[in-house]
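Here's upload-v3.txt, which has compact mmCIF, N, CA and C atoms:
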# COMPACT_ATOMS: atom_id res chain seq x y z
N MET H 1 -77.43 102.82 11.19
CA MET H 1 -76.58 103.84 10.62
C MET H 1 -77.09 105.23 10.98
N LEU H 2 -78.38 105.36 11.21
CA LEU H 2 -78.91 106.68 11.56
C LEU H 2 -78.26 107.24 12.82
N ALA H 3 -77.98 106.37 13.77
CA ALA H 3 -77.33 106.83 15.01
C ALA H 3 -75.94 107.39 14.72
N GLN H 4 -75.19 106.73 13.85
CA GLN H 4 -73.84 107.21 13.52
C GLN H 4 -73.91 108.54 12.77
N LEU H 5 -74.88 108.67 11.85
CA LEU H 5 -75.03 109.93 11.13
C LEU H 5 -75.42 111.06 12.08
N ASP H 6 -76.36 110.79 12.99
CA ASP H 6 -76.77 111.79 13.99
C ASP H 6 -75.60 112.20 14.86
N SER H 7 -74.78 111.23 15.27
CA SER H 7 -73.64 111.54 16.15
C SER H 7 -72.60 112.43 15.47
N LYS H 8 -72.61 112.45 14.15
CA LYS H 8 -71.68 113.30 13.40
C LYS H 8 -72.30 114.63 12.99
N GLY H 9 -73.51 114.90 13.48
CA GLY H 9 -74.16 116.18 13.20
C GLY H 9 -74.93 116.21 11.88
N LEU H 10 -75.12 115.08 11.28
CA LEU H 10 -75.89 115.00 10.04
C LEU H 10 -77.33 114.64 10.38
N THR H 11 -78.28 115.37 9.80
CA THR H 11 -79.68 115.10 10.09
C THR H 11 -80.41 114.72 8.81
N ARG H 12 -81.46 113.97 8.99
CA ARG H 12 -82.25 113.51 7.86
C ARG H 12 -83.01 114.67 7.23
N ALA H 13 -83.06 114.69 5.90
CA ALA H 13 -83.76 115.75 5.16
C ALA H 13 -84.45 115.13 3.95
N ALA H 14 -85.41 115.85 3.42
CA ALA H 14 -86.07 115.41 2.19
C ALA H 14 -85.05 115.42 1.05
N ARG H 15 -85.23 114.56 0.09
CA ARG H 15 -84.29 114.44 -1.02
C ARG H 15 -84.09 115.78 -1.74
N GLU H 16 -85.16 116.55 -1.87
CA GLU H 16 -85.08 117.82 -2.60
C GLU H 16 -84.24 118.86 -1.88
N THR H 17 -84.14 118.79 -0.55
CA THR H 17 -83.41 119.80 0.22
C THR H 17 -82.11 119.26 0.82
N ALA H 18 -81.76 118.03 0.52
CA ALA H 18 -80.58 117.41 1.13
C ALA H 18 -79.29 117.99 0.56
N ASP H 19 -78.27 118.09 1.42
CA ASP H 19 -76.93 118.48 0.99
C ASP H 19 -76.12 117.26 0.59
N LEU H 20 -76.38 116.14 1.27
CA LEU H 20 -75.67 114.88 1.01
C LEU H 20 -76.67 113.77 0.80
N TYR H 21 -76.30 112.83 -0.05
CA TYR H 21 -77.03 111.58 -0.17
C TYR H 21 -76.16 110.51 0.48
N VAL H 22 -76.81 109.56 1.12
CA VAL H 22 -76.09 108.46 1.76
C VAL H 22 -76.38 107.19 0.98
N GLY H 23 -75.33 106.60 0.47
CA GLY H 23 -75.44 105.32 -0.22
C GLY H 23 -74.75 104.27 0.63
N TYR H 24 -75.38 103.14 0.78
CA TYR H 24 -74.78 102.09 1.60
C TYR H 24 -75.19 100.74 1.06
N GLY H 25 -74.45 99.74 1.45
CA GLY H 25 -74.79 98.40 1.01
C GLY H 25 -73.79 97.38 1.47
N MET H 26 -74.05 96.18 1.04
CA MET H 26 -73.21 95.03 1.37
C MET H 26 -72.73 94.45 0.06
N VAL H 27 -71.45 94.20 -0.03
CA VAL H 27 -70.88 93.65 -1.24
C VAL H 27 -70.35 92.26 -0.92
N ASP H 28 -70.75 91.31 -1.72
CA ASP H 28 -70.13 90.00 -1.57
C ASP H 28 -69.10 89.87 -2.67
N LYS H 29 -67.92 89.57 -2.25
CA LYS H 29 -66.78 89.58 -3.16
C LYS H 29 -66.14 88.20 -3.12
N THR H 30 -65.91 87.64 -4.27
CA THR H 30 -65.29 86.31 -4.33
C THR H 30 -63.79 86.46 -4.51
N HIS H 31 -63.06 85.77 -3.66
CA HIS H 31 -61.60 85.75 -3.73
C HIS H 31 -61.17 84.36 -4.15
N GLN H 32 -60.09 84.28 -4.87
CA GLN H 32 -59.53 82.99 -5.23
C GLN H 32 -58.06 82.95 -4.86
N THR H 33 -57.68 81.83 -4.27
CA THR H 33 -56.28 81.58 -3.95
C THR H 33 -55.87 80.33 -4.70
N ILE H 34 -54.74 80.39 -5.38
CA ILE H 34 -54.26 79.25 -6.15
C ILE H 34 -53.03 78.68 -5.46
N TYR H 35 -53.11 77.41 -5.12
CA TYR H 35 -51.98 76.71 -4.51
C TYR H 35 -51.37 75.79 -5.56
N SER H 36 -50.07 75.81 -5.70
CA SER H 36 -49.37 74.94 -6.64
C SER H 36 -48.46 74.02 -5.86
N TYR H 37 -48.41 72.76 -6.28
CA TYR H 37 -47.53 71.82 -5.61
C TYR H 37 -47.11 70.73 -6.59
N GLY H 38 -46.07 70.00 -6.23
CA GLY H 38 -45.52 68.94 -7.07
C GLY H 38 -44.14 69.33 -7.56
N ASP H 39 -43.41 68.33 -8.05
CA ASP H 39 -42.05 68.61 -8.49
C ASP H 39 -41.95 68.90 -9.98
N GLY H 40 -43.04 68.72 -10.70
CA GLY H 40 -43.03 69.05 -12.11
C GLY H 40 -42.56 67.94 -13.02
N TRP H 41 -42.17 66.77 -12.47
CA TRP H 41 -41.66 65.72 -13.33
C TRP H 41 -42.64 64.55 -13.34
N GLY H 42 -42.94 64.06 -14.52
CA GLY H 42 -43.84 62.92 -14.66
C GLY H 42 -43.08 61.71 -15.13
N TRP H 43 -43.76 60.77 -15.77
CA TRP H 43 -43.10 59.57 -16.27
C TRP H 43 -42.28 59.93 -17.50
N GLY H 44 -41.36 59.11 -17.80
CA GLY H 44 -40.53 59.34 -18.99
C GLY H 44 -39.29 60.12 -18.63
N GLY H 45 -38.44 60.30 -19.61
CA GLY H 45 -37.21 61.06 -19.40
C GLY H 45 -37.52 62.52 -19.16
N ARG H 46 -36.61 63.14 -18.48
CA ARG H 46 -36.85 64.54 -18.16
C ARG H 46 -36.62 65.45 -19.35
N TRP H 47 -35.69 65.13 -20.19
CA TRP H 47 -35.38 65.99 -21.33
C TRP H 47 -35.32 65.14 -22.58
N GLY H 48 -35.67 65.72 -23.67
CA GLY H 48 -35.58 65.01 -24.94
C GLY H 48 -36.39 65.71 -26.00
N TRP H 49 -36.34 65.17 -27.22
CA TRP H 49 -37.11 65.76 -28.30
C TRP H 49 -38.57 65.43 -28.09
N ARG H 50 -39.42 66.41 -28.15
CA ARG H 50 -40.86 66.22 -27.98
C ARG H 50 -41.53 67.07 -29.03
N TYR H 51 -42.12 66.44 -30.01
CA TYR H 51 -42.77 67.12 -31.12
C TYR H 51 -41.78 68.07 -31.79
N TRP H 52 -41.98 69.36 -31.69
CA TRP H 52 -41.16 70.31 -32.43
C TRP H 52 -40.10 71.00 -31.58
N ARG H 53 -39.99 70.60 -30.31
CA ARG H 53 -39.07 71.32 -29.44
C ARG H 53 -38.35 70.37 -28.51
N TRP H 54 -37.31 70.87 -27.93
CA TRP H 54 -36.57 70.17 -26.89
C TRP H 54 -37.16 70.60 -25.57
N GLY H 55 -37.57 69.68 -24.69
CA GLY H 55 -38.15 70.13 -23.44
C GLY H 55 -38.55 69.00 -22.51
N VAL H 56 -39.49 69.29 -21.66
CA VAL H 56 -39.91 68.41 -20.58
C VAL H 56 -40.84 67.32 -21.11
N ALA H 57 -40.71 66.10 -20.58
CA ALA H 57 -41.60 65.00 -20.95
C ALA H 57 -43.00 65.24 -20.40
N TRP H 58 -43.97 64.66 -21.03
CA TRP H 58 -45.38 64.82 -20.63
C TRP H 58 -45.87 63.52 -20.04
N PRO H 59 -46.73 63.43 -19.07
CA PRO H 59 -47.32 64.55 -18.34
C PRO H 59 -46.45 64.97 -17.18
N MET H 60 -46.70 66.17 -16.70
CA MET H 60 -45.97 66.67 -15.54
C MET H 60 -46.82 66.47 -14.30
N THR H 61 -46.19 66.31 -13.15
CA THR H 61 -46.94 66.08 -11.91
C THR H 61 -47.20 67.38 -11.15
N TYR H 62 -46.94 68.49 -11.78
CA TYR H 62 -47.20 69.79 -11.18
C TYR H 62 -48.71 70.00 -11.13
N GLN H 63 -49.26 70.25 -9.94
CA GLN H 63 -50.71 70.36 -9.81
C GLN H 63 -51.08 71.67 -9.14
N ARG H 64 -52.31 72.10 -9.41
CA ARG H 64 -52.82 73.33 -8.81
C ARG H 64 -54.16 73.06 -8.16
N GLN H 65 -54.38 73.77 -7.06
CA GLN H 65 -55.66 73.70 -6.37
C GLN H 65 -56.16 75.13 -6.23
N ILE H 66 -57.41 75.37 -6.60
CA ILE H 66 -57.99 76.71 -6.51
C ILE H 66 -59.01 76.71 -5.38
N GLU H 67 -58.81 77.62 -4.44
CA GLU H 67 -59.71 77.75 -3.30
C GLU H 67 -60.44 79.09 -3.42
N SER H 68 -61.76 79.06 -3.35
CA SER H 68 -62.56 80.28 -3.44
C SER H 68 -63.30 80.51 -2.13
N TYR H 69 -63.42 81.77 -1.73
CA TYR H 69 -64.23 82.12 -0.58
C TYR H 69 -64.85 83.49 -0.81
N THR H 70 -65.94 83.73 -0.14
CA THR H 70 -66.67 84.98 -0.32
C THR H 70 -66.79 85.66 1.03
N ASP H 71 -66.62 86.97 1.04
CA ASP H 71 -66.82 87.71 2.28
C ASP H 71 -67.87 88.78 2.04
N GLY H 72 -68.37 89.35 3.12
CA GLY H 72 -69.35 90.44 3.02
C GLY H 72 -68.68 91.74 3.43
N MET H 73 -68.65 92.69 2.52
CA MET H 73 -68.01 93.98 2.77
C MET H 73 -69.10 95.03 2.93
N VAL H 74 -69.00 95.84 3.99
CA VAL H 74 -69.92 96.94 4.21
C VAL H 74 -69.33 98.18 3.56
N VAL H 75 -70.16 98.88 2.76
CA VAL H 75 -69.71 100.06 2.04
C VAL H 75 -70.69 101.20 2.31
N VAL H 76 -70.15 102.40 2.63
CA VAL H 76 -70.96 103.60 2.83
C VAL H 76 -70.34 104.72 1.99
N ASN H 77 -71.17 105.40 1.21
CA ASN H 77 -70.73 106.55 0.42
C ASN H 77 -71.57 107.76 0.78
N LEU H 78 -70.93 108.91 0.93
CA LEU H 78 -71.64 110.18 1.07
C LEU H 78 -71.41 110.95 -0.22
N VAL H 79 -72.52 111.34 -0.85
CA VAL H 79 -72.47 111.96 -2.17
C VAL H 79 -73.02 113.37 -2.08
N ASP H 80 -72.29 114.33 -2.65
CA ASP H 80 -72.75 115.72 -2.71
C ASP H 80 -74.02 115.76 -3.57
N ALA H 81 -75.10 116.29 -3.01
CA ALA H 81 -76.39 116.30 -3.70
C ALA H 81 -76.38 117.17 -4.95
N LYS H 82 -75.57 118.21 -4.96
CA LYS H 82 -75.55 119.12 -6.12
C LYS H 82 -74.66 118.60 -7.25
N THR H 83 -73.44 118.18 -6.90
CA THR H 83 -72.49 117.76 -7.93
C THR H 83 -72.56 116.27 -8.25
N LYS H 84 -73.21 115.51 -7.38
CA LYS H 84 -73.33 114.04 -7.53
C LYS H 84 -71.97 113.35 -7.45
N GLU H 85 -71.02 113.98 -6.77
CA GLU H 85 -69.70 113.39 -6.59
C GLU H 85 -69.57 112.82 -5.19
N VAL H 86 -68.87 111.71 -5.09
CA VAL H 86 -68.62 111.09 -3.79
C VAL H 86 -67.65 111.99 -3.02
N VAL H 87 -68.06 112.42 -1.83
CA VAL H 87 -67.20 113.27 -1.01
C VAL H 87 -66.55 112.50 0.13
N TRP H 88 -67.08 111.33 0.43
CA TRP H 88 -66.48 110.48 1.46
C TRP H 88 -66.97 109.06 1.23
N GLU H 89 -66.06 108.12 1.43
CA GLU H 89 -66.48 106.72 1.35
C GLU H 89 -65.70 105.91 2.36
N GLY H 90 -66.35 104.88 2.83
CA GLY H 90 -65.71 103.98 3.77
C GLY H 90 -66.14 102.56 3.49
N GLU H 91 -65.27 101.63 3.80
CA GLU H 91 -65.60 100.22 3.63
C GLU H 91 -64.86 99.39 4.66
N VAL H 92 -65.51 98.33 5.06
CA VAL H 92 -64.91 97.36 5.97
C VAL H 92 -65.12 95.99 5.35
N ALA H 93 -64.03 95.26 5.11
CA ALA H 93 -64.11 93.95 4.47
C ALA H 93 -64.35 92.85 5.49
N ALA H 94 -64.85 91.74 5.00
CA ALA H 94 -65.02 90.51 5.78
C ALA H 94 -65.86 90.71 7.04
N VAL H 95 -66.97 91.43 6.90
CA VAL H 95 -67.85 91.69 8.04
C VAL H 95 -68.70 90.47 8.35
N VAL H 96 -69.33 89.92 7.34
CA VAL H 96 -70.16 88.73 7.52
C VAL H 96 -69.82 87.71 6.43
N THR H 97 -70.13 86.47 6.74
CA THR H 97 -69.97 85.41 5.77
C THR H 97 -71.27 85.28 4.98
N ILE H 98 -71.15 85.24 3.67
CA ILE H 98 -72.32 85.13 2.81
C ILE H 98 -72.33 83.72 2.23
N PRO H 99 -73.42 82.98 2.27
CA PRO H 99 -74.74 83.39 2.70
C PRO H 99 -74.83 83.50 4.22
N VAL H 100 -75.68 84.41 4.68
CA VAL H 100 -75.85 84.66 6.11
C VAL H 100 -76.66 83.52 6.71
N THR H 101 -76.12 82.92 7.76
CA THR H 101 -76.83 81.82 8.42
C THR H 101 -77.54 82.28 9.68
N ASN H 102 -77.05 83.36 10.30
CA ASN H 102 -77.67 83.89 11.52
C ASN H 102 -77.89 85.39 11.34
N PRO H 103 -79.10 85.80 10.96
CA PRO H 103 -79.36 87.22 10.68
C PRO H 103 -79.11 88.14 11.86
N ALA H 104 -79.41 87.71 13.08
CA ALA H 104 -79.20 88.57 14.26
C ALA H 104 -77.72 88.86 14.47
N THR H 105 -76.89 87.84 14.35
CA THR H 105 -75.45 88.02 14.50
C THR H 105 -74.91 88.89 13.37
N ALA H 106 -75.40 88.67 12.16
CA ALA H 106 -74.96 89.46 11.01
C ALA H 106 -75.31 90.93 11.21
N ALA H 107 -76.51 91.22 11.70
CA ALA H 107 -76.92 92.61 11.94
C ALA H 107 -76.02 93.28 12.96
N ASP H 108 -75.66 92.56 14.02
CA ASP H 108 -74.74 93.12 15.03
C ASP H 108 -73.38 93.43 14.42
N LYS H 109 -72.87 92.50 13.61
CA LYS H 109 -71.55 92.71 12.98
C LYS H 109 -71.59 93.90 12.01
N ILE H 110 -72.69 94.04 11.28
CA ILE H 110 -72.83 95.16 10.35
C ILE H 110 -72.87 96.48 11.11
N ASN H 111 -73.63 96.53 12.21
CA ASN H 111 -73.68 97.75 13.04
C ASN H 111 -72.31 98.11 13.58
N GLN H 112 -71.56 97.12 14.03
CA GLN H 112 -70.21 97.38 14.53
C GLN H 112 -69.30 97.92 13.42
N ALA H 113 -69.46 97.37 12.21
CA ALA H 113 -68.66 97.82 11.08
C ALA H 113 -68.99 99.27 10.73
N VAL H 114 -70.27 99.64 10.77
CA VAL H 114 -70.68 101.01 10.45
C VAL H 114 -70.13 101.97 11.51
N GLU H 115 -70.18 101.57 12.78
CA GLU H 115 -69.59 102.39 13.84
C GLU H 115 -68.10 102.61 13.58
N LYS H 116 -67.42 101.54 13.20
CA LYS H 116 -65.99 101.63 12.91
C LYS H 116 -65.72 102.58 11.73
N LEU H 117 -66.57 102.50 10.71
CA LEU H 117 -66.42 103.39 9.56
C LEU H 117 -66.52 104.84 9.96
N PHE H 118 -67.54 105.17 10.75
CA PHE H 118 -67.79 106.56 11.09
C PHE H 118 -66.83 107.11 12.13
N GLU H 119 -65.95 106.29 12.66
CA GLU H 119 -64.86 106.81 13.50
C GLU H 119 -63.91 107.63 12.63
N ARG H 120 -63.90 107.36 11.33
CA ARG H 120 -63.02 108.07 10.39
C ARG H 120 -63.72 109.24 9.72
N TYR H 121 -64.91 109.57 10.17
CA TYR H 121 -65.65 110.70 9.58
C TYR H 121 -65.83 111.77 10.64
N PRO H 122 -65.68 113.04 10.33
CA PRO H 122 -65.26 113.57 9.04
C PRO H 122 -63.77 113.35 8.83
N PRO H 123 -63.35 113.35 7.59
CA PRO H 123 -61.92 113.14 7.32
C PRO H 123 -61.10 114.29 7.88
N LYS H 124 -59.89 113.97 8.26
CA LYS H 124 -58.98 114.99 8.78
C LYS H 124 -58.56 115.91 7.64
N VAL H 125 -58.59 117.20 7.90
CA VAL H 125 -58.18 118.19 6.91
C VAL H 125 -56.68 118.44 7.05
N LYS H 126 -55.98 118.32 5.94
CA LYS H 126 -54.54 118.59 5.96
C LYS H 126 -54.33 120.07 5.82
N ARG H 127 -53.56 120.61 6.73
CA ARG H 127 -53.26 122.05 6.69
C ARG H 127 -51.95 122.27 5.96
N LEU H 128 -51.94 123.29 5.16
CA LEU H 128 -50.72 123.68 4.46
C LEU H 128 -50.20 124.93 5.14
N ASP H 129 -49.14 124.76 5.88
CA ASP H 129 -48.50 125.90 6.55
C ASP H 129 -47.38 126.42 5.67
N ALA H 130 -47.56 127.62 5.20
CA ALA H 130 -46.56 128.19 4.30
C ALA H 130 -45.65 129.16 5.02

Please render this file's structure as structure tokens.
Amino acid sequence: MLAQLDSKGLTRAARETADLYVGYGMVDKTHQTIYSYGDGWGWGGRWGWRYWRWGVAWPMTYQRQIESYTDGMVVVNLVDAKTKEVVWEGEVAAVVTIPVTNPATAADKINQAVEKLFERYPPKVKRLDA
């Protein structure tokens, strides 16, 4: 990441004299996808009195499958040293699969993601032409 910061004109400074703080990390985020299938009808009649209501017979054949997966998201924040407010942030999702099985490949993917992030820095300034 130091190379990307240098290429944007940002130089390393002591914490006491810094204008910006750089926060970065990897986030593992769990996603869930729910698949539903079946026609919803089980044994017995489809309609009739059931306990206190009129409705569907039990059990129903409607089934659900939950699929979970985790991805590694690279996150970089630039924080104003005086106000402690985030002035720029970038993230790239699904960079590496967690747990990491090949550290060398993961490091290459993370470096590529950071390069991609810093293509968007500095942010474009919108001009107001009156």

Fewer than 5 positions away in the same chain doesn't count, so skip those; otherwise give me all residues within 8 Å of Val87 of chain H, counting only N, CA and C atoms, as a list in words.
->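 Residues near the query, excluding close chain neighbours: Asn77, Leu78, Val79 and Asp80 of chain H.
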
Counting only C-alpha atoms, which of H:Asp71, H:Glu85, H:Glu119, H:Asp6 gets nearest to Leu20 of chain H?
->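 Selected residue with least distance to Leu20 of chain H: H:Glu85.
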
Which of these residues is nearest to Glu67 of chain H, using only C-alpha atoms: H:Ala93, H:Thr33, H:Val22, H:Ser7?
->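 For Glu67 of chain H, the nearest of the candidates is H:Thr33.
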
Fewer than 4 positions away in the same chain doesn't count, so skip those; otherwise give me all residues within 7 Å of Lys109 of chain H, counting all atoms listed in the file, as a PyMOL selection string.
-> chain H and resi 95-96+104-105+113-114

Distance query Ala94 of chain H at most 8 Å, all atoms listed in the file, self and fewer than 4 positions along chain excluded, as number ranges by chain = H: 70-74

What would the file look like if the residues just selected were written as a PDB file, keeping the file's coordinate frame with N, CA and C atoms?
ATOM      1  N   THR H  70     -65.940  83.730  -0.140  1.00  0.00           N
ATOM      2  CA  THR H  70     -66.670  84.980  -0.320  1.00  0.00           C
ATOM      3  C   THR H  70     -66.790  85.660   1.030  1.00  0.00           C
ATOM      4  N   ASP H  71     -66.620  86.970   1.040  1.00  0.00           N
ATOM      5  CA  ASP H  71     -66.820  87.710   2.280  1.00  0.00           C
ATOM      6  C   ASP H  71     -67.870  88.780   2.040  1.00  0.00           C
ATOM      7  N   GLY H  72     -68.370  89.350   3.120  1.00  0.00           N
ATOM      8  CA  GLY H  72     -69.350  90.440   3.020  1.00  0.00           C
ATOM      9  C   GLY H  72     -68.680  91.740   3.430  1.00  0.00           C
ATOM     10  N   MET H  73     -68.650  92.690   2.520  1.00  0.00           N
ATOM     11  CA  MET H  73     -68.010  93.980   2.770  1.00  0.00           C
ATOM     12  C   MET H  73     -69.100  95.030   2.930  1.00  0.00           C
ATOM     13  N   VAL H  74     -69.000  95.840   3.990  1.00  0.00           N
ATOM     14  CA  VAL H  74     -69.920  96.940   4.210  1.00  0.00           C
ATOM     15  C   VAL H  74     -69.330  98.180   3.560  1.00  0.00           C
TER      16      VAL H  74
END
